Each structure stands twice: as C-alpha cells, then as structure tokens.
Amino acid sequence: MTTEPLILGIETSCDETGVAVVEGFGVRSSVLSSQTEAHARFGGVVPEVAARAHVEALRPLVHLALARAGVHSDDLDGIAVTQGPGLAGALMVGFSFAKALAWSLGKPFIGIDHMEGHLVAPRLEDADYAPPAIVLLASGGHSQIVHVRAWGDYEVLGETIDDAAGEAFDKLARFMGLGYPGGPAIDVASDGGDPDAIRYPRALRDRPFDFSFSGLKTSVVTSLQKAKEAGDVPPLPDVAASIQEAIVDVLVDKTFNAVEHTGAGAVAGGGGVLANRRLRARLDEEAAARGVDLHLPTPALCTDNGAMIAGAATIHLRAGRTTEWHADVRPGQRLDG
Ligand code: KG4
Ligand code: ZN
C-alpha cells in the first residue's frame with residue numbers, strides 16, 4: 001500500500017514522447033523518445049511527423065515505464081496526460097491513448113496543462129521548492145513568467161508578444177547555419193565568445209514582465225548581412241555569445257522584476273531554454289545577490305517529459321479533481337484561462 005498516488009504520466013504535446021510513473025512527487029521511472037532527428041532535416045517540428053512518431057513510440061514506452069517502475073497497470077491510481085497547449089494532432093495521440101487506457105482499467109483520468117507540468121517539474125527533484133514562487137517558463141513554444149501562488153493557483157504575469165525565447169534561438173541558429181535545435185547549438189558556439197562583443201537590442205523595457213524577441217532576430221540578421229558586405233564578419237563565438245546574452249539578459253531582468261513585484265522568496269524555471277548554461281549561471285548569480293531561493297531542474301526535467309505531467313496530476317488527484325470522459329484536447333489552452 002502506498003500513501004501517495006501512483007500515477008502514469010503521458011506527454012505528447014510537441015516532439016517528445018514522454019512516459020513516466022510517479023508516486024506523489026517521486027519519480028519511479030521516466031522514459032522518453034525524442035523526435036529531434038526526424039524533424040532536424042526540416043529545420044523545425046513538422047506536426048504530421050510528430051503525431052505519427054507519437055503513435056509508434058507510445059505503446060512500447062508505456063510498457064517500459066511500468067516495467068522500470070516495477071508497477072503493474074492495476075496498481076495505478078490514475079492516468080495523466082497533456083491536454084494542451086500544443087500541436088492538436090500530437091496531443092490527440094496521447095490524449096486518446098491515455099483516455100482509453102484509463103477507461104479500460106477503470107482508473108481516474110486526469111488531463112493536465114503542459115505549462116503546469118513545467119511549473120511542477122522542479123518539485124520532482126527538490127522537496128524545498130514550494131509556492132509562492134516566480135517561475136520562468138521558456139521553451140520553443142512559450143515564454144512566460146508565472147506567479148505560482150499555491151499549487152493549482154497560477155497567475156501569468158507576463159509573456160512574449162511574438163516569438164518564444166527558444167524560437168528566437170532556433171531561428172537565429174538556422175540563419176547562421178548552426179542546425180536544429182538552435183538553443184544547444186548557440187550555447188555550445190558561445191564557448192570562449194565575448195558576450196559584450198556586439199550590443200543587440202533588449203526589447204520592451206517599458207513592460208516589466210513581457211518579452212519580445214522578433215526585433216532581436218531582425219537586428220542580428222541585418223547586422224550580420226552588413227558585416228558580410230563589408231567583409232568584416234565577427235567571430236562566431238562572439239556573435240553566439242552576444243545573441244545569447246541579449247536573450248538571457250531580458251529573461252533574467254523580467255524574472256526578477258516579478259520577484260520584486262510579488263515579494264516571492266523563490267524562483268524556479270522550466271522549458272528547454274532553462275537548459276542554457278549562461279541563463280542558469282545568471283539566474284544563480286542574481287538569486288544569490290537578492291537572497292532568493294533558486295530551484296532549477298536538471299536539463300532532462302527542463303525539457304518535455306512525462307514525469308512533470310504525472311507530478312502535476314498528483315496535485316489534482318489530491319484535490320479530488322479528475323477529467324470528464326467526454327473532454328477533448330485543448331491546443332490553445334491557457335494556464336490561467
Ligand atoms: O521545452 P522544450 O523541450 O520543448 C518545447 O518547446 O515545449 O524546449 C525546446 C526549446 C528549443 O527551442 C531549443 O532550442 C531550446 O528549448 N533549448 C535551448 C537549450 N536547450 C534547448 N535554448 C538555449 N540553450 C540551450 N542549451
Ligand atoms: Zn514544454
């Protein structure tokens with residue numbers, strides 16, 4: 001007998017198929033099938049390719065997650081799955097699968113907001129992480145600053161008005177011929193570079209919690225084209241480090257604007273961009289300087305995974321909230337909507 005719920009979590013909102021077994025907030029197993037390679041030759045995620053890959057990966061991954069956790073499906077207390085936001089076709093694969101499984105096993109079915117999963121992820125490794133907290137969520141699809149007032153009570157303080165931070169990394173890396181995904185490529189290319197070599201713009205200074213990254217892209221493209229024409233292209237590490245600094249500066253500034261605004265004593269992060277080494281170091285410095293606790297998940301829990309979905313379901317199941325059988329995916333779902 002366990003006192004904490006034993007939950008199977010399934011994530012298929014984008015290009016990672018993630019399945020995990022979580023007990024309360026403790027990860028019993030977590031397995032992943034990444035489609036990065038399938039999408040790399042297109043330079044980005046292709047929705048139809050993603051949906052098909054989820055179909056292929058899901059069944060074996062569920063078996064693997066249960067086997068690694070040493071759990072039989074009859075022992076589960078619930079089946080959780082990402083309901084949105086995300087790519088409609090990709091979401092539908094996981095959602096239908098999870099619903100059918102829950103129905104056939106006679107278990108509670110819990111649809112989870114993908115962003116709530118990211119908000120909860122740090123808790124899976126760090127029992128000291130608890131609301132109220134400010135969480136910076138930055139991935140390929142989203143950039144948001146969320147005030148976690150309590151588990152299940154979220155206020156989106158700010159967000160991007162155009163490109164997401166990860167999208168900016170991806171687009172700029174593609175322009176520079178560094179491949180996909182762009183974030184890790186720029187992170188690596190920045191090694192040894194001078195972050196102050198080129199001063200790229202930091203947008204939306206007058207809006208304390210919102211982001212805009214499309215101007216940065218235009219600025220980088222224009223300045224590199226001019227440099228090329230003049231035959232004076234700056235070294236790649238300097239360009240990469242300067243781009244990274246422009247994005248990181250804004251993410252860090254606005255996160256701590258939110259800390260000041262709310263008086264929250266803790267900061268956390270989630271989403272693929274939080275794997276960025278410079279961002280992690282800058283958040284660390286800033287949190288230490290202000291005496292605020294910082295809870296950054298290891299990179300594997302920053303990116304999409306099934307454990308964060310199961311962890312978020314723990315909150316809902318404890319509160320007695322489950323999802324109705326007739327519910328459908330919500331590709332455009334908002335955390336505070
Ligand atoms: O959370 P995630 O795995 O998927 C979603 O978009 O939901 O995030 C992927 C994004 C991509 O844009 C990728 O370029 C970015 O996270 N990323 C990084 C790094 N690793 C992944 N960005 C900057 N630095 C990194 N080290
Ligand atoms: Zn994500």
# chains A, B, ... in the order shown; residues from 1 in each chain; ligands from 1
$ select_by_dssp --residues "stretch 69-289 of chain A" --states "strand (DSSP E)" --output "PyMOL selection string"
chain A and resi 78-84+109-113+133-138+143-150+153-159+266-270
$ residues_around --residues "stretch 139-155 of chain A" --least-positions-apart "4" --cutoff "7 Å" --atoms "only C-alpha atoms" --output "short mmCIF file (atom, residue, chain, number, x, y, z; two decimals) with all heavy atoms, in the first residue's frame"
data_model
loop_
_atom_site.label_atom_id
_atom_site.label_comp_id
_atom_site.auth_asym_id
_atom_site.auth_seq_id
_atom_site.Cartn_x
_atom_site.Cartn_y
_atom_site.Cartn_z
N PRO A 131 5.30 26.82 -3.41
CA PRO A 131 4.73 28.15 -3.61
C PRO A 131 4.77 28.94 -2.30
O PRO A 131 4.79 28.31 -1.23
CB PRO A 131 3.29 27.87 -4.02
CG PRO A 131 3.21 26.41 -4.34
CD PRO A 131 4.32 25.75 -3.59
N PRO A 132 4.73 30.29 -2.36
CA PRO A 132 4.67 31.10 -3.57
C PRO A 132 6.04 31.22 -4.25
O PRO A 132 7.04 31.35 -3.58
CB PRO A 132 4.20 32.47 -3.06
CG PRO A 132 4.65 32.52 -1.63
CD PRO A 132 4.66 31.11 -1.13
N ALA A 133 6.01 31.17 -5.57
CA ALA A 133 7.25 31.24 -6.33
C ALA A 133 7.00 31.92 -7.67
O ALA A 133 5.87 31.93 -8.17
CB ALA A 133 7.79 29.83 -6.57
N ILE A 134 8.07 32.49 -8.21
CA ILE A 134 8.02 33.02 -9.58
C ILE A 134 8.71 31.99 -10.46
O ILE A 134 9.83 31.56 -10.17
CB ILE A 134 8.76 34.37 -9.68
CG1 ILE A 134 8.01 35.46 -8.91
CG2 ILE A 134 8.95 34.78 -11.14
CD1 ILE A 134 6.59 35.73 -9.40
N VAL A 135 8.03 31.60 -11.54
CA VAL A 135 8.62 30.60 -12.41
C VAL A 135 8.79 31.16 -13.82
O VAL A 135 7.83 31.70 -14.40
CB VAL A 135 7.77 29.31 -12.46
CG1 VAL A 135 8.52 28.22 -13.21
CG2 VAL A 135 7.45 28.83 -11.05
N GLU A 159 4.31 37.54 -20.71
CA GLU A 159 4.61 36.54 -21.73
C GLU A 159 5.15 37.22 -22.98
O GLU A 159 5.15 38.44 -23.06
CB GLU A 159 3.38 35.70 -22.05
CG GLU A 159 2.21 36.48 -22.58
CD GLU A 159 0.92 35.68 -22.44
OE1 GLU A 159 0.94 34.48 -22.72
OE2 GLU A 159 -0.10 36.27 -22.05
N THR A 160 5.55 36.41 -23.95
CA THR A 160 6.09 37.00 -25.17
C THR A 160 4.95 37.54 -26.03
O THR A 160 3.85 36.97 -26.05
CB THR A 160 6.93 35.99 -25.97
OG1 THR A 160 7.48 36.66 -27.10
CG2 THR A 160 6.10 34.80 -26.43
N ALA A 164 8.78 32.99 -29.07
CA ALA A 164 9.23 32.45 -27.79
C ALA A 164 10.76 32.51 -27.77
O ALA A 164 11.40 32.60 -28.82
CB ALA A 164 8.76 31.02 -27.63
N ALA A 165 11.33 32.45 -26.57
CA ALA A 165 12.80 32.55 -26.45
C ALA A 165 13.49 31.42 -27.22
O ALA A 165 14.47 31.64 -27.94
CB ALA A 165 13.21 32.53 -24.99
N GLY A 166 12.96 30.20 -27.08
CA GLY A 166 13.57 29.06 -27.77
C GLY A 166 13.45 29.22 -29.28
O GLY A 166 14.36 28.84 -30.04
N GLU A 167 12.33 29.79 -29.70
CA GLU A 167 12.09 30.03 -31.13
C GLU A 167 13.14 31.02 -31.66
O GLU A 167 13.64 30.87 -32.78
CB GLU A 167 10.68 30.60 -31.25
CG GLU A 167 10.08 30.60 -32.61
CD GLU A 167 8.65 31.16 -32.56
OE1 GLU A 167 8.11 31.42 -31.45
OE2 GLU A 167 8.08 31.37 -33.65
N PHE A 209 7.11 42.63 -17.36
CA PHE A 209 7.10 41.16 -17.34
C PHE A 209 6.95 40.53 -18.73
O PHE A 209 6.91 39.31 -18.84
CB PHE A 209 5.96 40.63 -16.44
CG PHE A 209 5.82 41.36 -15.12
CD1 PHE A 209 4.61 41.94 -14.75
CD2 PHE A 209 6.90 41.47 -14.26
CE1 PHE A 209 4.49 42.62 -13.54
CE2 PHE A 209 6.79 42.14 -13.05
CZ PHE A 209 5.58 42.72 -12.69
N THR A 255 12.29 38.25 -14.92
CA THR A 255 12.00 37.30 -13.85
C THR A 255 12.15 37.99 -12.49
O THR A 255 11.30 37.86 -11.61
CB THR A 255 12.97 36.10 -13.93
OG1 THR A 255 12.79 35.47 -15.19
CG2 THR A 255 12.70 35.08 -12.83
N GLY A 271 11.17 24.47 -19.05
CA GLY A 271 11.21 24.64 -20.50
C GLY A 271 12.64 24.46 -20.98
O GLY A 271 13.60 24.68 -20.23
N GLY A 272 12.76 24.07 -22.24
CA GLY A 272 14.06 23.71 -22.80
C GLY A 272 15.13 24.79 -22.67
O GLY A 272 16.31 24.48 -22.48
N VAL A 273 14.73 26.06 -22.76
CA VAL A 273 15.72 27.15 -22.71
C VAL A 273 16.43 27.21 -21.35
O VAL A 273 17.56 27.69 -21.25
CB VAL A 273 15.05 28.50 -23.07
CG1 VAL A 273 16.03 29.66 -22.96
CG2 VAL A 273 14.48 28.44 -24.49
N ILE A 315 -1.21 16.82 -7.79
CA ILE A 315 -1.89 17.97 -7.19
C ILE A 315 -3.40 17.87 -7.40
O ILE A 315 -4.20 18.07 -6.48
CB ILE A 315 -1.37 19.28 -7.83
CG1 ILE A 315 0.11 19.48 -7.48
CG2 ILE A 315 -2.22 20.48 -7.44
CD1 ILE A 315 0.80 20.54 -8.31
N ASP A 336 -4.03 30.24 -17.21
CA ASP A 336 -4.95 30.95 -16.32
C ASP A 336 -6.27 31.22 -17.02
O ASP A 336 -7.02 32.11 -16.63
CB ASP A 336 -4.32 32.25 -15.82
CG ASP A 336 -3.88 33.15 -16.98
OD1 ASP A 336 -4.02 32.73 -18.15
OD2 ASP A 336 -3.39 34.27 -16.73
#
$ residues_near_ligand --ligand "ligand 1" --cutoff "9 Å" --atoms "only C-alpha atoms and all ligand atoms" --output "ChimeraX atom specification"
/A:13-16,86,114-115,118,137-142,164-171,173,180-188,244,270-279,299-300,302-305
$ residues_around --residues "A:Phe213" --least-positions-apart "2" --cutoff "6 Å" --atoms "only C-alpha atoms" --output "PyMOL selection string"
chain A and resi 163+215-216
$ write_last_selection --atoms "all heavy atoms" --output "mmCIF file, in the first residue's frame"
data_model
loop_
_atom_site.group_PDB
_atom_site.id
_atom_site.type_symbol
_atom_site.label_atom_id
_atom_site.label_comp_id
_atom_site.auth_asym_id
_atom_site.auth_seq_id
_atom_site.Cartn_x
_atom_site.Cartn_y
_atom_site.Cartn_z
ATOM 1 N N ASP A 163 7.778 36.034 -30.765
ATOM 2 C CA ASP A 163 8.464 34.731 -30.728
ATOM 3 C C ASP A 163 8.748 34.299 -29.288
ATOM 4 O O ASP A 163 8.965 35.128 -28.412
ATOM 5 C CB ASP A 163 9.804 34.823 -31.467
ATOM 6 C CG ASP A 163 9.623 35.025 -32.960
ATOM 7 O OD1 ASP A 163 8.474 34.939 -33.427
ATOM 8 O OD2 ASP A 163 10.631 35.280 -33.648
ATOM 9 N N GLY A 215 12.394 41.481 -32.790
ATOM 10 C CA GLY A 215 13.291 42.585 -33.147
ATOM 11 C C GLY A 215 14.753 42.168 -33.089
ATOM 12 O O GLY A 215 15.579 42.599 -33.893
ATOM 13 N N LEU A 216 15.064 41.299 -32.138
ATOM 14 C CA LEU A 216 16.437 40.800 -31.990
ATOM 15 C C LEU A 216 16.856 40.055 -33.258
ATOM 16 O O LEU A 216 17.948 40.258 -33.788
ATOM 17 C CB LEU A 216 16.519 39.863 -30.775
ATOM 18 C CG LEU A 216 17.805 39.065 -30.629
ATOM 19 C CD1 LEU A 216 18.994 39.980 -30.332
ATOM 20 C CD2 LEU A 216 17.669 38.011 -29.527
#
$ closest_residue --among "A:Ala307, A:Ala319, A:Gly337, A:Lys107" --to "A:Leu76" --atoms "only C-alpha atoms"
A:Lys107
$ atom_distance --atom1 "atom CA of A:Leu101" --atom2 "atom CA of A:Ile79"
7.7 Å
$ residues_around --residues "A:Ala312" --least-positions-apart "4" --cutoff "8 Å" --atoms "only C-alpha atoms" --output "compact mmCIF listing (two decimals) with N, CA and C atoms, in the first residue's frame"
# COMPACT_ATOMS: atom_id res chain seq x y z
N ILE A 112 -3.90 17.31 -18.14
CA ILE A 112 -3.01 18.29 -17.49
C ILE A 112 -2.57 19.37 -18.48
N GLU A 116 1.60 23.75 -16.68
CA GLU A 116 1.55 23.37 -15.27
C GLU A 116 2.58 22.26 -15.00
N GLY A 117 2.71 21.36 -15.96
CA GLY A 117 3.74 20.32 -15.85
C GLY A 117 5.12 20.95 -15.65
N VAL A 120 5.62 22.41 -12.20
CA VAL A 120 5.73 21.42 -11.14
C VAL A 120 7.07 20.66 -11.22
N MET A 308 6.71 15.25 -15.35
CA MET A 308 6.13 16.52 -14.91
C MET A 308 4.59 16.50 -15.05
N HIS A 316 -3.80 17.51 -8.61
CA HIS A 316 -5.23 17.44 -8.94
C HIS A 316 -5.91 16.26 -8.25
$ closest_residue --among "A:Thr82, A:Ser29, A:Ser34, A:Thr3" --to "A:Thr323" --atoms "only C-alpha atoms"
A:Thr82
$ residues_around --residues "A:Ala246" --least-positions-apart "5" --cutoff "10 Å" --atoms "only C-alpha atoms" --output "ChimeraX atom specification"
/A:195-196,198-203,213,216,241,251
$ closest_residue --among "A:Gly111, A:Gly9, A:Pro122, A:Gly84" --to "ligand 2" --atoms "only C-alpha atoms and all ligand atoms"
A:Gly84
$ atom_distance --atom1 "atom CA of A:His63" --atom2 "atom CA of A:Val31"
10.1 Å
$ select_by_dssp --residues "stretch 54-139 of chain A" --states "alpha helix (DSSP H)" --output "JSON, numbers by chain"
{"A": [54, 55, 56, 57, 58, 59, 60, 61, 62, 63, 64, 65, 66, 67, 68, 69, 88, 89, 90, 91, 92, 93, 94, 95, 96, 97, 98, 99, 100, 101, 102, 103, 104, 105, 114, 115, 116, 117, 118, 119, 120]}
$ closest_residue --among "A:Ala127, A:Ala287, A:Val329, A:Leu301" --to "ligand 2" --atoms "only C-alpha atoms and all ligand atoms"
A:Leu301
$ residues_around --residues "A:Val27" --least-positions-apart "2" --cutoff "12 Å" --atoms "only C-alpha atoms" --output "compact mmCIF listing (two decimals) with C-alpha atoms, in the first residue's frame"
# COMPACT_ATOMS: atom_id res chain seq x y z
CA GLU A 4 0.91 8.75 -2.25
CA PRO A 5 -0.94 8.28 -5.55
CA LEU A 6 0.83 6.19 -8.17
CA ILE A 7 0.30 7.93 -11.49
CA LEU A 8 1.22 7.17 -15.09
CA GLY A 9 2.01 10.40 -16.94
CA VAL A 19 6.03 8.46 -20.26
CA ALA A 20 6.66 8.20 -16.52
CA VAL A 21 5.45 6.62 -13.33
CA VAL A 22 5.39 9.00 -10.38
CA GLU A 23 4.44 8.36 -6.78
CA GLY A 24 3.33 11.65 -5.27
CA PHE A 25 6.22 13.84 -6.43
CA SER A 29 10.55 5.80 -13.83
CA SER A 30 10.71 8.23 -16.73
CA VAL A 31 11.34 7.31 -20.35
CA ALA A 65 7.91 2.93 -17.89
CA LEU A 66 5.75 0.45 -15.98
CA ARG A 68 11.20 0.11 -14.92
CA ALA A 69 8.99 1.32 -12.06
CA ALA A 121 8.85 19.77 -12.63
CA PRO A 122 11.35 21.33 -10.16
CA ARG A 123 9.36 19.80 -7.27
CA LEU A 124 10.18 16.30 -8.56
CA GLU A 125 13.82 16.77 -7.63
CA ASP A 126 13.63 19.29 -4.86
CA LEU A 301 13.43 17.77 -16.42
CA ASN A 305 8.82 14.70 -20.16
CA GLY A 306 6.07 12.50 -18.76
CA ALA A 307 7.14 12.86 -15.11
CA MET A 308 6.13 16.52 -14.91
CA ILE A 309 2.65 15.63 -16.22
CA ALA A 310 2.23 12.88 -13.62
CA GLY A 311 3.60 15.21 -10.90
CA THR A 314 -0.70 14.45 -8.08
